[in-house]
$ cat query-v2.cif   # mmCIF, C-alpha atoms
data_work
loop_
_atom_site.label_atom_id
_atom_site.label_comp_id
_atom_site.auth_asym_id
_atom_site.auth_seq_id
_atom_site.Cartn_x
_atom_site.Cartn_y
_atom_site.Cartn_z
CA MET J 110 52.36 79.24 -36.88
CA ASN J 111 55.08 77.86 -34.62
CA ASP J 112 58.54 79.36 -34.64
CA VAL J 113 61.15 76.59 -34.81
CA GLN J 114 64.86 77.31 -34.50
CA ARG J 115 67.53 74.78 -35.47
CA LEU J 116 70.81 75.69 -33.81
CA GLN J 117 74.41 74.55 -34.24
CA PRO J 118 76.70 75.58 -31.37
CA PRO J 119 80.07 76.49 -32.92
CA GLU J 120 81.89 74.77 -30.03
CA LEU J 121 80.36 71.39 -30.94
CA ARG J 122 80.99 69.12 -33.88
CA ASP J 123 78.91 70.31 -36.84
CA THR J 124 76.28 67.62 -37.44
CA ARG J 125 74.38 69.20 -40.32
CA ASP J 126 76.27 67.02 -42.82
CA ALA J 127 75.10 63.99 -40.81
CA GLY J 128 71.49 65.06 -41.35
CA PHE J 129 70.45 66.43 -37.97
CA SER J 130 70.52 69.55 -35.81
CA GLN J 131 72.31 69.65 -32.47
CA VAL J 132 69.55 71.77 -30.88
CA VAL J 133 65.95 72.48 -31.84
CA VAL J 134 63.92 75.14 -30.04
CA ALA J 135 60.16 74.91 -30.48
CA ASN J 136 57.01 75.54 -28.47
CA GLY J 137 58.87 76.52 -25.31
CA LEU J 138 61.15 73.47 -25.40
CA VAL J 139 64.84 73.05 -26.07
CA ILE J 140 65.48 69.61 -27.53
CA VAL J 141 69.12 68.54 -27.59
CA SER J 142 70.24 65.68 -29.82
CA GLY J 143 72.12 62.87 -28.17
CA GLN J 144 75.57 64.05 -27.19
CA LEU J 145 78.61 61.79 -27.51
CA ALA J 146 82.06 62.11 -25.93
CA TRP J 147 83.51 64.03 -28.88
CA ASP J 148 85.49 67.21 -28.91
CA ARG J 149 84.70 69.91 -31.46
CA ASP J 150 86.78 68.15 -34.13
CA GLY J 151 85.01 64.82 -33.66
CA ASN J 152 87.80 63.17 -31.65
CA LEU J 153 86.70 60.71 -28.98
CA VAL J 154 87.48 61.86 -25.43
CA GLY J 155 88.04 59.21 -22.74
CA ALA J 156 88.36 56.07 -24.85
CA GLY J 157 87.34 53.04 -22.78
CA ASP J 158 86.52 55.17 -19.69
CA LEU J 159 82.80 55.56 -18.94
CA ALA J 160 83.30 58.30 -16.32
CA ALA J 161 85.56 60.37 -18.59
CA GLN J 162 83.14 60.00 -21.49
CA THR J 163 80.22 60.96 -19.24
CA HIS J 164 82.06 64.17 -18.26
CA GLN J 165 82.62 65.07 -21.93
CA VAL J 166 79.00 64.27 -22.78
CA MET J 167 77.74 66.47 -19.93
CA LYS J 168 80.07 69.31 -21.03
CA ASN J 169 78.77 68.99 -24.59
CA LEU J 170 75.22 69.00 -23.28
CA GLY J 171 75.94 72.23 -21.38
CA THR J 172 77.34 73.80 -24.54
CA ALA J 173 74.24 72.80 -26.48
CA LEU J 174 71.97 74.23 -23.79
CA LYS J 175 73.93 77.49 -23.68
CA ILE J 176 73.19 78.37 -27.32
CA ALA J 177 69.48 78.29 -26.43
CA ARG J 178 70.14 80.39 -23.30
CA VAL J 179 69.15 77.67 -20.86
CA THR J 180 71.18 75.77 -18.26
CA TYR J 181 71.31 72.35 -16.66
CA ASP J 182 68.68 73.65 -14.18
CA ASP J 183 66.20 73.98 -17.07
CA ILE J 184 66.45 70.32 -18.10
CA VAL J 185 63.20 68.44 -17.50
CA LYS J 186 64.10 65.10 -19.16
CA LEU J 187 67.31 63.18 -19.82
CA THR J 188 67.61 59.95 -21.74
CA THR J 189 70.91 58.11 -21.35
CA TYR J 190 72.11 55.26 -23.55
CA VAL J 191 75.00 53.09 -22.30
CA VAL J 192 76.83 50.45 -24.32
CA ASP J 193 76.92 47.00 -22.64
CA TYR J 194 75.27 48.44 -19.52
CA LYS J 195 76.10 46.82 -16.18
CA PRO J 196 74.46 47.80 -12.85
CA ALA J 197 77.81 49.19 -11.59
CA ASP J 198 77.72 51.74 -14.44
CA ARG J 199 74.76 53.52 -12.89
CA ALA J 200 76.80 54.78 -9.93
CA LYS J 201 79.59 56.05 -12.20
CA ILE J 202 77.11 57.95 -14.34
CA ARG J 203 75.20 59.29 -11.32
CA ASP J 204 78.41 60.56 -9.69
CA VAL J 205 79.41 62.49 -12.81
CA ARG J 206 75.91 63.85 -13.42
CA ALA J 207 75.82 65.11 -9.81
CA GLN J 208 78.64 67.50 -10.71
CA TYR J 209 76.39 69.16 -13.32
CA LEU J 210 72.83 68.73 -12.00
CA ARG J 211 71.81 70.47 -8.77
CA ALA J 212 69.66 68.88 -6.09
CA GLY J 213 66.19 70.36 -6.38
CA HIS J 214 66.58 70.66 -10.17
CA LEU J 215 66.83 66.99 -11.08
CA PRO J 216 65.11 66.02 -14.33
CA ALA J 217 63.02 62.99 -15.11
CA SER J 218 65.45 60.41 -16.41
CA THR J 219 65.63 57.17 -18.37
CA LEU J 220 68.70 54.92 -18.70
CA VAL J 221 68.81 52.39 -21.53
CA GLY J 222 71.41 49.70 -22.11
CA VAL J 223 72.30 49.28 -25.80
CA SER J 224 74.64 47.08 -27.80
CA ALA J 225 76.22 49.98 -29.71
CA LEU J 226 75.97 53.70 -30.43
CA ALA J 227 76.35 55.65 -33.68
CA ALA J 228 80.13 55.87 -33.42
CA GLU J 229 82.70 53.25 -32.54
CA GLY J 230 84.27 53.63 -29.11
CA CYS J 231 81.46 55.73 -27.68
CA LEU J 232 80.19 54.24 -24.43
CA ILE J 233 77.47 56.74 -23.52
CA GLU J 234 75.06 59.13 -25.24
CA ILE J 235 72.73 61.56 -23.49
CA GLU J 236 69.85 63.54 -25.01
CA ALA J 237 67.89 66.23 -23.20
CA ILE J 238 64.73 68.27 -23.17
CA ALA J 239 64.78 71.61 -21.36
CA VAL J 240 62.20 74.36 -20.95
CA LEU J 241 62.75 77.92 -22.09
CA PRO J 242 62.73 80.82 -19.65
CA PRO J 243 59.70 83.09 -19.87
CA THR J 244 61.39 85.53 -22.30
CA PRO J 245 61.88 84.55 -25.96
CA ILE J 246 65.28 83.90 -27.51
CA PRO J 247 66.27 86.65 -29.94
CA GLY J 248 66.47 85.40 -33.54
#

$ encode --input "query-v2.cif" --output "structure tokens"
Amino acid sequence: MNDVQRLQPPELRDTRDAGFSQVVVANGLVIVSGQLAWDRDGNLVGAGDLAAQTHQVMKNLGTALKIARVTYDDIVKLTTYVVDYKPADRAKIRDVRAQYLRAGHLPASTLVGVSALAAEGCLIEIEAIAVLPPTPIPG
């Protein structure tokens, strides 16, 4: 039987009332739900500014990873969704991500242009899959 943990980092907006978990740990993987540019209270950070929102999303992603005792270095896959994507957006996103992801530890990555995200004003959403370290997470 597989042990599955559903985690809610206290520093992130509680999403259980929205019907999903922020982080699921199962079978050696840490799966992080798409992170938006929200603070803990659900306020949008960086309205209209893709780079500022990307920073907040990456910070939220780090917070989600931390509860599972993994880091950005443990990420193996990122999927990024960008509203009204334009080719110039890629460089903005890459420059921000480079402040969080180390060379030599870069994950596989997909970028998808979308018409809208789950919340008005959000320009970017990033979800992640990371691998657990060799020791189990205490329950």

$ atom_distance --input "query-v2.cif" --atom1 "atom CA of Gly143 of chain J" --atom2 "atom CA of Arg203 of chain J"
17.5 Å

$ atom_distance --input "query-v2.cif" --atom1 "atom CA of Leu187 of chain J" --atom2 "atom CA of Gln208 of chain J"
15.2 Å

$ residues_near_point --input "query-v2.cif" --point "(66.6, 71.0, -19.0)" --cutoff "12 Å" --atoms "all atoms listed in the file" --output "ChimeraX atom specification"
/J:137-141,170-171,173-175,177-188,209-211,214-218,236-242

$ residues_around --input "query-v2.cif" --residues "segment 219-223 of chain J" --least-positions-apart "6" --cutoff "7 Å" --atoms "all atoms listed in the file" --output "ChimeraX atom specification"
/J:187-194

$ atom_distance --input "query-v2.cif" --atom1 "atom CA of Leu159 of chain J" --atom2 "atom CA of Ala212 of chain J"
22.7 Å

$ resolve_selection --input "query-v2.cif" --expression "the PyMOL selection byres ((chain J and resi 131) around 8)" --output "list in words"
Arg115, Leu116, Gln117, Pro118, Asp123, Thr124, Phe129, Ser130, Val132, Val133, Val141, Ser142 and Ala173 of chain J

$ closest_residue --input "query-v2.cif" --among "J:Asn152, J:Ile235, J:Pro119, J:Gln114" --to "Val134 of chain J" --atoms "all atoms listed in the file"
J:Gln114

$ residues_around --input "query-v2.cif" --residues "Met167 of chain J" --least-positions-apart "5" --cutoff "9 Å" --atoms "all atoms listed in the file" --output "PDB file with C-alpha atoms, in the frame of the given file"
ATOM      1  CA  GLN J 144      75.570  64.050 -27.190  1.00  0.00           C
ATOM      2  CA  LEU J 145      78.610  61.790 -27.510  1.00  0.00           C
ATOM      3  CA  ALA J 146      82.060  62.110 -25.930  1.00  0.00           C
ATOM      4  CA  GLN J 162      83.140  60.000 -21.490  1.00  0.00           C
ATOM      5  CA  THR J 172      77.340  73.800 -24.540  1.00  0.00           C
ATOM      6  CA  VAL J 205      79.410  62.490 -12.810  1.00  0.00           C
ATOM      7  CA  ARG J 206      75.910  63.850 -13.420  1.00  0.00           C
ATOM      8  CA  TYR J 209      76.390  69.160 -13.320  1.00  0.00           C
ATOM      9  CA  ILE J 235      72.730  61.560 -23.490  1.00  0.00           C
TER      10      ILE J 235
END

$ closest_residue --input "query-v2.cif" --among "J:Ala225, J:Ala127, J:Ala200, J:Leu121" --to "Asn169 of chain J" --atoms "all atoms listed in the file"
J:Leu121

$ closest_residue --input "query-v2.cif" --among "J:Leu153, J:Gln165, J:Ala135, J:Pro243" --to "Cys231 of chain J" --atoms "all atoms listed in the file"
J:Leu153

$ closest_residue --input "query-v2.cif" --among "J:Val154, J:Asn136, J:His164, J:Arg125" --to "Ala207 of chain J" --atoms "all atoms listed in the file"
J:His164

$ closest_residue --input "query-v2.cif" --among "J:Asp158, J:Asp148, J:Glu229, J:Glu234" --to "Arg122 of chain J" --atoms "all atoms listed in the file"
J:Asp148

$ closest_residue --input "query-v2.cif" --among "J:Val113, J:Trp147, J:Lys201, J:Glu120" --to "Val166 of chain J" --atoms "all atoms listed in the file"
J:Trp147
